[in-house]
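Enquirer: File follows, run-v1.pdb with PDB, N, CA and C atoms:
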```pdb
MODEL        1
ATOM      1  N   MET C   1     -16.334  79.080 -92.913
ATOM      2  CA  MET C   1     -15.612  80.051 -92.123
ATOM      3  C   MET C   1     -15.856  79.750 -90.654
ATOM      4  N   THR C   2     -14.850  79.989 -89.862
ATOM      5  CA  THR C   2     -15.033  80.029 -88.419
ATOM      6  C   THR C   2     -14.462  81.344 -87.940
ATOM      7  N   GLY C   3     -15.051  81.877 -86.891
ATOM      8  CA  GLY C   3     -14.550  83.106 -86.303
ATOM      9  C   GLY C   3     -14.652  83.044 -84.798
ATOM     10  N   LYS C   4     -13.599  83.472 -84.142
ATOM     11  CA  LYS C   4     -13.611  83.565 -82.683
ATOM     12  C   LYS C   4     -13.689  85.042 -82.320
ATOM     13  N   LEU C   5     -14.676  85.368 -81.477
ATOM     14  CA  LEU C   5     -14.851  86.729 -81.011
ATOM     15  C   LEU C   5     -14.704  86.729 -79.499
ATOM     16  N   SER C   6     -13.770  87.498 -79.001
ATOM     17  CA  SER C   6     -13.560  87.622 -77.559
ATOM     18  C   SER C   6     -14.161  88.928 -77.084
ATOM     19  N   THR C   7     -14.854  88.856 -75.944
ATOM     20  CA  THR C   7     -15.603  90.007 -75.459
ATOM     21  C   THR C   7     -14.932  90.685 -74.269
ATOM     22  N   GLN C   8     -15.391  91.887 -74.014
ATOM     23  CA  GLN C   8     -15.071  92.572 -72.776
ATOM     24  C   GLN C   8     -15.641  91.725 -71.627
ATOM     25  N   PRO C   9     -15.128  91.885 -70.402
ATOM     26  CA  PRO C   9     -15.657  91.098 -69.279
ATOM     27  C   PRO C   9     -17.180  91.214 -69.160
ATOM     28  N   ASP C  10     -17.815  90.076 -68.950
ATOM     29  CA  ASP C  10     -19.266  89.981 -68.720
ATOM     30  C   ASP C  10     -20.120  90.460 -69.892
ATOM     31  N   LYS C  11     -19.591  90.431 -71.106
ATOM     32  CA  LYS C  11     -20.361  90.869 -72.280
ATOM     33  C   LYS C  11     -20.681  89.724 -73.234
ATOM     34  N   ARG C  12     -20.276  88.481 -72.893
ATOM     35  CA  ARG C  12     -20.475  87.366 -73.819
ATOM     36  C   ARG C  12     -21.951  87.111 -74.109
ATOM     37  N   ASN C  13     -22.793  87.119 -73.099
ATOM     38  CA  ASN C  13     -24.219  86.861 -73.327
ATOM     39  C   ASN C  13     -24.844  87.923 -74.224
ATOM     40  N   GLN C  14     -24.438  89.150 -74.049
ATOM     41  CA  GLN C  14     -24.955  90.242 -74.876
ATOM     42  C   GLN C  14     -24.516  90.056 -76.338
ATOM     43  N   LEU C  15     -23.246  89.677 -76.540
ATOM     44  CA  LEU C  15     -22.772  89.416 -77.892
ATOM     45  C   LEU C  15     -23.496  88.216 -78.496
ATOM     46  N   ALA C  16     -23.701  87.179 -77.710
ATOM     47  CA  ALA C  16     -24.400  85.991 -78.204
ATOM     48  C   ALA C  16     -25.791  86.353 -78.707
ATOM     49  N   GLU C  17     -26.504  87.199 -78.000
ATOM     50  CA  GLU C  17     -27.840  87.601 -78.424
ATOM     51  C   GLU C  17     -27.785  88.344 -79.757
ATOM     52  N   ILE C  18     -26.814  89.218 -79.929
ATOM     53  CA  ILE C  18     -26.667  89.935 -81.198
ATOM     54  C   ILE C  18     -26.386  88.951 -82.324
ATOM     55  N   LEU C  19     -25.501  87.993 -82.079
ATOM     56  CA  LEU C  19     -25.152  87.015 -83.108
ATOM     57  C   LEU C  19     -26.317  86.085 -83.425
ATOM     58  N   LEU C  20     -27.126  85.766 -82.445
ATOM     59  CA  LEU C  20     -28.316  84.960 -82.708
ATOM     60  C   LEU C  20     -29.317  85.729 -83.575
ATOM     61  N   ARG C  21     -29.421  87.026 -83.349
ATOM     62  CA  ARG C  21     -30.262  87.854 -84.227
ATOM     63  C   ARG C  21     -29.683  87.878 -85.642
ATOM     64  N   ALA C  22     -28.350  87.961 -85.717
ATOM     65  CA  ALA C  22     -27.692  87.933 -87.029
ATOM     66  C   ALA C  22     -27.968  86.618 -87.742
ATOM     67  N   SER C  23     -27.985  85.510 -87.008
ATOM     68  CA  SER C  23     -28.241  84.212 -87.637
ATOM     69  C   SER C  23     -29.635  84.167 -88.260
ATOM     70  N   ARG C  24     -30.604  84.766 -87.593
ATOM     71  CA  ARG C  24     -31.958  84.798 -88.150
ATOM     72  C   ARG C  24     -32.000  85.658 -89.419
ATOM     73  N   LEU C  25     -31.246  86.734 -89.418
ATOM     74  CA  LEU C  25     -31.216  87.629 -90.575
ATOM     75  C   LEU C  25     -30.532  86.964 -91.775
ATOM     76  N   VAL C  26     -29.354  86.417 -91.573
ATOM     77  CA  VAL C  26     -28.619  85.852 -92.712
ATOM     78  C   VAL C  26     -29.224  84.544 -93.201
ATOM     79  N   SER C  27     -30.040  83.888 -92.382
ATOM     80  CA  SER C  27     -30.656  82.629 -92.816
ATOM     81  C   SER C  27     -31.560  82.822 -94.031
ATOM     82  N   THR C  28     -31.987  84.040 -94.276
ATOM     83  CA  THR C  28     -32.855  84.328 -95.419
ATOM     84  C   THR C  28     -32.073  84.823 -96.632
ATOM     85  N   MET C  29     -30.765  84.978 -96.487
ATOM     86  CA  MET C  29     -29.951  85.538 -97.570
ATOM     87  C   MET C  29     -29.484  84.451 -98.533
ATOM     88  N   PRO C  30     -29.395  84.810 -99.815
ATOM     89  CA  PRO C  30     -28.904  83.857-100.805
ATOM     90  C   PRO C  30     -27.485  83.390-100.446
ATOM     91  N   GLY C  31     -27.265  82.091-100.581
ATOM     92  CA  GLY C  31     -25.924  81.549-100.397
ATOM     93  C   GLY C  31     -25.555  81.142 -98.994
ATOM     94  N   CYS C  32     -26.383  81.453 -97.996
ATOM     95  CA  CYS C  32     -26.059  81.099 -96.613
ATOM     96  C   CYS C  32     -26.672  79.737 -96.286
ATOM     97  N   HIS C  33     -25.810  78.779 -95.959
ATOM     98  CA  HIS C  33     -26.254  77.425 -95.624
ATOM     99  C   HIS C  33     -26.195  77.157 -94.127
ATOM    100  N   ALA C  34     -25.351  77.895 -93.419
ATOM    101  CA  ALA C  34     -25.232  77.708 -91.967
ATOM    102  C   ALA C  34     -24.647  78.960 -91.347
ATOM    103  N   TYR C  35     -25.144  79.279 -90.163
ATOM    104  CA  TYR C  35     -24.606  80.379 -89.351
ATOM    105  C   TYR C  35     -24.893  79.963 -87.915
ATOM    106  N   ILE C  36     -23.908  79.349 -87.296
ATOM    107  CA  ILE C  36     -24.089  78.699 -86.004
ATOM    108  C   ILE C  36     -23.246  79.416 -84.952
ATOM    109  N   ILE C  37     -23.868  79.730 -83.823
ATOM    110  CA  ILE C  37     -23.208  80.438 -82.728
ATOM    111  C   ILE C  37     -22.850  79.419 -81.642
ATOM    112  N   LEU C  38     -21.609  79.455 -81.180
ATOM    113  CA  LEU C  38     -21.110  78.492 -80.194
ATOM    114  C   LEU C  38     -20.457  79.224 -79.025
ATOM    115  N   GLU C  39     -20.781  78.812 -77.800
ATOM    116  CA  GLU C  39     -20.066  79.303 -76.614
ATOM    117  C   GLU C  39     -18.825  78.454 -76.406
ATOM    118  N   ASP C  40     -17.719  79.100 -76.144
ATOM    119  CA  ASP C  40     -16.484  78.383 -75.825
ATOM    120  C   ASP C  40     -16.584  77.910 -74.376
ATOM    121  N   VAL C  41     -16.483  76.602 -74.144
ATOM    122  CA  VAL C  41     -16.652  76.065 -72.785
ATOM    123  C   VAL C  41     -15.412  76.279 -71.916
ATOM    124  N   LYS C  42     -14.277  76.622 -72.520
ATOM    125  CA  LYS C  42     -13.047  76.838 -71.746
ATOM    126  C   LYS C  42     -12.700  78.318 -71.582
ATOM    127  N   ASP C  43     -13.373  79.173 -72.313
ATOM    128  CA  ASP C  43     -13.068  80.606 -72.286
ATOM    129  C   ASP C  43     -14.389  81.360 -72.151
ATOM    130  N   ASP C  44     -14.667  81.887 -70.960
ATOM    131  CA  ASP C  44     -15.974  82.504 -70.721
ATOM    132  C   ASP C  44     -16.137  83.882 -71.347
ATOM    133  N   SER C  45     -15.144  84.313 -72.126
ATOM    134  CA  SER C  45     -15.297  85.569 -72.856
ATOM    135  C   SER C  45     -15.376  85.330 -74.364
ATOM    136  N   ALA C  46     -15.388  84.056 -74.805
ATOM    137  CA  ALA C  46     -15.299  83.775 -76.237
ATOM    138  C   ALA C  46     -16.577  83.170 -76.798
ATOM    139  N   ILE C  47     -16.893  83.626 -77.999
ATOM    140  CA  ILE C  47     -17.979  83.092 -78.824
ATOM    141  C   ILE C  47     -17.357  82.727 -80.171
ATOM    142  N   TRP C  48     -17.769  81.582 -80.700
ATOM    143  CA  TRP C  48     -17.339  81.151 -82.021
ATOM    144  C   TRP C  48     -18.542  81.222 -82.966
ATOM    145  N   VAL C  49     -18.282  81.578 -84.200
ATOM    146  CA  VAL C  49     -19.304  81.575 -85.239
ATOM    147  C   VAL C  49     -18.827  80.638 -86.342
ATOM    148  N   PHE C  50     -19.691  79.702 -86.718
ATOM    149  CA  PHE C  50     -19.407  78.758 -87.800
ATOM    150  C   PHE C  50     -20.368  79.071 -88.930
ATOM    151  N   GLU C  51     -19.821  79.376 -90.112
ATOM    152  CA  GLU C  51     -20.644  79.784 -91.246
ATOM    153  C   GLU C  51     -20.316  78.951 -92.479
ATOM    154  N   ILE C  52     -21.349  78.640 -93.252
ATOM    155  CA  ILE C  52     -21.148  78.029 -94.566
ATOM    156  C   ILE C  52     -21.913  78.869 -95.581
ATOM    157  N   TRP C  53     -21.174  79.359 -96.566
ATOM    158  CA  TRP C  53     -21.726  80.168 -97.650
ATOM    159  C   TRP C  53     -21.361  79.516 -98.980
ATOM    160  N   ASP C  54     -22.104  79.824-100.031
ATOM    161  CA  ASP C  54     -21.778  79.306-101.356
ATOM    162  C   ASP C  54     -20.350  79.667-101.748
ATOM    163  N   ASP C  55     -19.975  80.903-101.472
ATOM    164  CA  ASP C  55     -18.641  81.376-101.843
ATOM    165  C   ASP C  55     -18.369  82.692-101.114
ATOM    166  N   LYS C  56     -17.156  83.187-101.286
ATOM    167  CA  LYS C  56     -16.748  84.426-100.628
ATOM    168  C   LYS C  56     -17.632  85.600-101.058
ATOM    169  N   GLU C  57     -18.034  85.603-102.314
ATOM    170  CA  GLU C  57     -18.835  86.717-102.833
ATOM    171  C   GLU C  57     -20.192  86.818-102.144
ATOM    172  N   THR C  58     -20.857  85.679-101.897
ATOM    173  CA  THR C  58     -22.156  85.748-101.223
ATOM    174  C   THR C  58     -21.988  86.179 -99.771
ATOM    175  N   HIS C  59     -20.900  85.750 -99.134
ATOM    176  CA  HIS C  59     -20.640  86.212 -97.769
ATOM    177  C   HIS C  59     -20.386  87.715 -97.768
ATOM    178  N   ASP C  60     -19.513  88.165 -98.667
ATOM    179  CA  ASP C  60     -19.193  89.593 -98.739
ATOM    180  C   ASP C  60     -20.442  90.429 -99.022
ATOM    181  N   ALA C  61     -21.339  89.916 -99.867
ATOM    182  CA  ALA C  61     -22.582  90.644-100.158
ATOM    183  C   ALA C  61     -23.436  90.782 -98.906
ATOM    184  N   SER C  62     -23.427  89.772 -98.042
ATOM    185  CA  SER C  62     -24.224  89.849 -96.809
ATOM    186  C   SER C  62     -23.753  90.995 -95.915
ATOM    187  N   LEU C  63     -22.480  91.307 -95.988
ATOM    188  CA  LEU C  63     -21.917  92.365 -95.150
ATOM    189  C   LEU C  63     -22.344  93.762 -95.603
ATOM    190  N   GLN C  64     -22.944  93.849 -96.776
ATOM    191  CA  GLN C  64     -23.435  95.136 -97.282
ATOM    192  C   GLN C  64     -24.881  95.401 -96.874
ATOM    193  N   ASP C  65     -25.557  94.385 -96.337
ATOM    194  CA  ASP C  65     -26.943  94.528 -95.910
ATOM    195  C   ASP C  65     -27.031  95.503 -94.724
ATOM    196  N   ALA C  66     -27.989  96.406 -94.766
ATOM    197  CA  ALA C  66     -28.133  97.420 -93.712
ATOM    198  C   ALA C  66     -28.367  96.784 -92.343
ATOM    199  N   GLY C  67     -29.176  95.725 -92.287
ATOM    200  CA  GLY C  67     -29.434  95.054 -91.010
ATOM    201  C   GLY C  67     -28.192  94.392 -90.449
ATOM    202  N   VAL C  68     -27.418  93.758 -91.309
ATOM    203  CA  VAL C  68     -26.160  93.128 -90.874
ATOM    204  C   VAL C  68     -25.192  94.200 -90.382
ATOM    205  N   ARG C  69     -25.089  95.284 -91.112
ATOM    206  CA  ARG C  69     -24.177  96.369 -90.716
ATOM    207  C   ARG C  69     -24.579  96.967 -89.357
ATOM    208  N   ALA C  70     -25.870  97.079 -89.101
ATOM    209  CA  ALA C  70     -26.340  97.599 -87.817
ATOM    210  C   ALA C  70     -25.970  96.647 -86.680
ATOM    211  N   LEU C  71     -26.097  95.343 -86.912
ATOM    212  CA  LEU C  71     -25.730  94.372 -85.876
ATOM    213  C   LEU C  71     -24.230  94.370 -85.626
ATOM    214  N   ILE C  72     -23.434  94.525 -86.677
ATOM    215  CA  ILE C  72     -21.983  94.623 -86.516
ATOM    216  C   ILE C  72     -21.644  95.844 -85.665
ATOM    217  N   ALA C  73     -22.268  96.962 -85.952
ATOM    218  CA  ALA C  73     -22.015  98.191 -85.184
ATOM    219  C   ALA C  73     -22.408  98.018 -83.720
ATOM    220  N   GLU C  74     -23.478  97.285 -83.468
ATOM    221  CA  GLU C  74     -23.922  97.028 -82.096
ATOM    222  C   GLU C  74     -22.935  96.106 -81.357
ATOM    223  N   ALA C  75     -22.350  95.163 -82.079
ATOM    224  CA  ALA C  75     -21.452  94.180 -81.462
ATOM    225  C   ALA C  75     -20.044  94.712 -81.214
ATOM    226  N   MET C  76     -19.556  95.579 -82.059
ATOM    227  CA  MET C  76     -18.149  96.014 -81.987
ATOM    228  C   MET C  76     -17.715  96.529 -80.613
ATOM    229  N   PRO C  77     -18.510  97.350 -79.915
ATOM    230  CA  PRO C  77     -18.063  97.849 -78.608
ATOM    231  C   PRO C  77     -17.932  96.755 -77.538
ATOM    232  N   LEU C  78     -18.537  95.593 -77.783
ATOM    233  CA  LEU C  78     -18.484  94.500 -76.809
ATOM    234  C   LEU C  78     -17.214  93.676 -76.928
ATOM    235  N   LEU C  79     -16.501  93.823 -78.037
ATOM    236  CA  LEU C  79     -15.325  93.001 -78.294
ATOM    237  C   LEU C  79     -14.094  93.535 -77.575
ATOM    238  N   SER C  80     -13.216  92.618 -77.193
ATOM    239  CA  SER C  80     -11.965  93.017 -76.540
ATOM    240  C   SER C  80     -10.814  93.108 -77.531
ATOM    241  N   GLY C  81     -11.056  92.754 -78.766
ATOM    242  CA  GLY C  81     -10.034  92.813 -79.808
ATOM    243  C   GLY C  81     -10.642  92.415 -81.140
ATOM    244  N   ALA C  82      -9.802  92.356 -82.142
ATOM    245  CA  ALA C  82     -10.271  91.979 -83.472
ATOM    246  C   ALA C  82     -10.649  90.501 -83.508
ATOM    247  N   PRO C  83     -11.718  90.153 -84.224
ATOM    248  CA  PRO C  83     -12.069  88.743 -84.387
ATOM    249  C   PRO C  83     -10.958  88.010 -85.140
ATOM    250  N   ASN C  84     -10.837  86.717 -84.866
ATOM    251  CA  ASN C  84      -9.914  85.912 -85.665
ATOM    252  C   ASN C  84     -10.589  84.607 -86.014
ATOM    253  N   GLY C  85     -10.056  83.908 -86.957
ATOM    254  CA  GLY C  85     -10.653  82.656 -87.384
ATOM    255  C   GLY C  85      -9.968  82.130 -88.616
ATOM    256  N   SER C  86     -10.657  81.239 -89.312
ATOM    257  CA  SER C  86     -10.097  80.598 -90.492
ATOM    258  C   SER C  86     -11.177  80.381 -91.534
ATOM    259  N   ASN C  87     -10.736  80.265 -92.773
ATOM    260  CA  ASN C  87     -11.615  79.899 -93.876
ATOM    261  C   ASN C  87     -11.284  78.479 -94.291
ATOM    262  N   PHE C  88     -12.307  77.735 -94.677
ATOM    263  CA  PHE C  88     -12.150  76.344 -95.066
ATOM    264  C   PHE C  88     -12.918  76.091 -96.355
ATOM    265  N   ARG C  89     -12.586  75.029 -97.040
ATOM    266  CA  ARG C  89     -13.353  74.563 -98.190
ATOM    267  C   ARG C  89     -14.085  73.304 -97.756
ATOM    268  N   VAL C  90     -15.413  73.304 -97.864
ATOM    269  CA  VAL C  90     -16.223  72.154 -97.451
ATOM    270  C   VAL C  90     -16.044  71.031 -98.480
ATOM    271  N   LEU C  91     -15.727  69.853 -97.979
ATOM    272  CA  LEU C  91     -15.594  68.676 -98.833
ATOM    273  C   LEU C  91     -16.855  67.826 -98.817
ATOM    274  N   GLY C  92     -17.621  67.908 -97.730
ATOM    275  CA  GLY C  92     -18.845  67.139 -97.598
ATOM    276  C   GLY C  92     -19.057  66.756 -96.161
ATOM    277  N   GLY C  93     -20.054  65.921 -95.929
ATOM    278  CA  GLY C  93     -20.327  65.458 -94.578
ATOM    279  C   GLY C  93     -21.804  65.546 -94.249
ATOM    280  N   HIS C  94     -22.156  65.050 -93.105
ATOM    281  CA  HIS C  94     -23.542  65.049 -92.646
ATOM    282  C   HIS C  94     -24.014  66.468 -92.384
ATOM    283  N   GLY C  95     -25.234  66.749 -92.752
ATOM    284  CA  GLY C  95     -25.820  68.063 -92.484
ATOM    285  C   GLY C  95     -25.768  69.003 -93.667
ATOM    286  N   LEU C  96     -25.139  68.588 -94.727
ATOM    287  CA  LEU C  96     -25.051  69.429 -95.914
ATOM    288  C   LEU C  96     -25.996  68.897 -96.977
ATOM    289  N   ARG C  97     -26.647  69.802 -97.665
ATOM    290  CA  ARG C  97     -27.555  69.415 -98.754
ATOM    291  C   ARG C  97     -26.932  69.813-100.078
ATOM    292  N   GLY C  98     -27.258  69.079-101.092
ATOM    293  CA  GLY C  98     -26.813  69.432-102.443
ATOM    294  C   GLY C  98     -25.560  68.860-102.855
TER     295      GLY C  98
ENDMDL
END
```
Please express the file's structure as structure tokens.

Expert:
Amino acid sequence: MTGKLSTQPDKRNQLAEILLRASRLVSTMPGCHAYIILEDVKDDSAIWVFEIWDDKETHDASLQDAGVRALIAEAMPLLSGAPNGSNFRVLGGHGLRG
């Protein structure tokens, strides 16, 4: 999965910190292989999240975790609109195990 999150003016760093905390939380969850936070170098209000999960079900289960839900609630007021992104099927490549 990839997701682009656009923030209110001057809120990108605050959102990045929340997402970095989220990465530490989900790194311990079953099925999460990657949760990477990226700053958009051309858009100073955008953050991208790159995630690899075993399947949609393990990702959806992570969204039920109380800690994840609290971080989502903390992040929502910083956004300037709904997140957008895409889902992909991993075929392979460097950095993947198994």

Enquirer: I would like the residues chosen by the PyMOL selection byres ((chain C and resi 77-85) around 5) on the shown file; could you give them as a PyMOL selection string?

Expert: chain C and resi 2-8+74-76+86-87

Enquirer: Using DSSP secondary structure from the backbone, list all helix (DSSP H, G or I) positions within chain C, as a ChimeraX atom specification.

Expert: /C:12-26,56-62,66-78

Enquirer: Have a look at C:Ile18, C:Met1, C:Ala70, C:Asp65 and name the one nearest to C:Ile52; count only N, CA and C atoms.

Expert: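 For C:Ile52, the nearest of the given residues is C:Met1.
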
Enquirer: So which residues touch C:Gly67 within 10 Å, counting only C-alpha atoms, skipping near sequence neighbours fewer than 6 positions away, as a count of residues only?

Expert: 5

Enquirer: Might you pull out every residue within 6.5 Å of C:Leu38, with all atoms listed in the file counted and same-chain residues fewer than 6 positions away left off, and present them as a list in words?

Expert: Ala46, Ile47, Trp48, Val49 and Phe50 of chain C

Enquirer: Can you tell me how far atom CA of C:Ala34 sits from atom CA of C:Glu17, in Å to one decimal?

Expert: 17.0 Å

Enquirer: For atom C of C:His94 and atom N of C:Gly31, determine how far apart the two atoms are, in Å to one decimal place.

Expert: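 Separating atom C of C:His94 from atom N of C:Gly31 is a distance of 17.9 Å.
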
Enquirer: What does the distance from atom C of C:Leu19 to atom C of C:Leu91 come to in Å, to one decimal?

Expert: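 We find that atom C of C:Leu19 and atom C of C:Leu91 lie 25.7 Å from each other.
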
Enquirer: Output the residue selection produced by the PyMOL selection byres (((chain C and resi 33 and name CA) around 12) and name CA) on the file above, formatted as a VMD selection string.

Expert: chain C and resid 1 23 to 24 26 to 32 34 to 36 50 to 55 58 to 59 90 95 to 98

Enquirer: Where in chain C does DSSP assign strand (DSSP E or B), given as a list in words?

Expert: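 In chain C, DSSP puts these residues in strand (DSSP E or B): Thr2, Gly3, Lys4, Leu5, Ser6, Thr7, Cys32, His33, Ala34, Tyr35, Ile36, Ile37, Leu38, Glu39, Ala46, Ile47, Trp48, Val49, Phe50, Glu51, Ile52, Trp53, Leu79, Asn84, Gly85 and Ser86 of chain C.
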
Enquirer: Considering all atoms listed in the file, state which residue in the set C:Glu57, C:Leu63, C:Gly93, C:Ser45 is at the smallest distance from C:Asp10.

Expert: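 Comparing C:Glu57, C:Leu63, C:Gly93, C:Ser45 against C:Asp10, the winner is C:Ser45.
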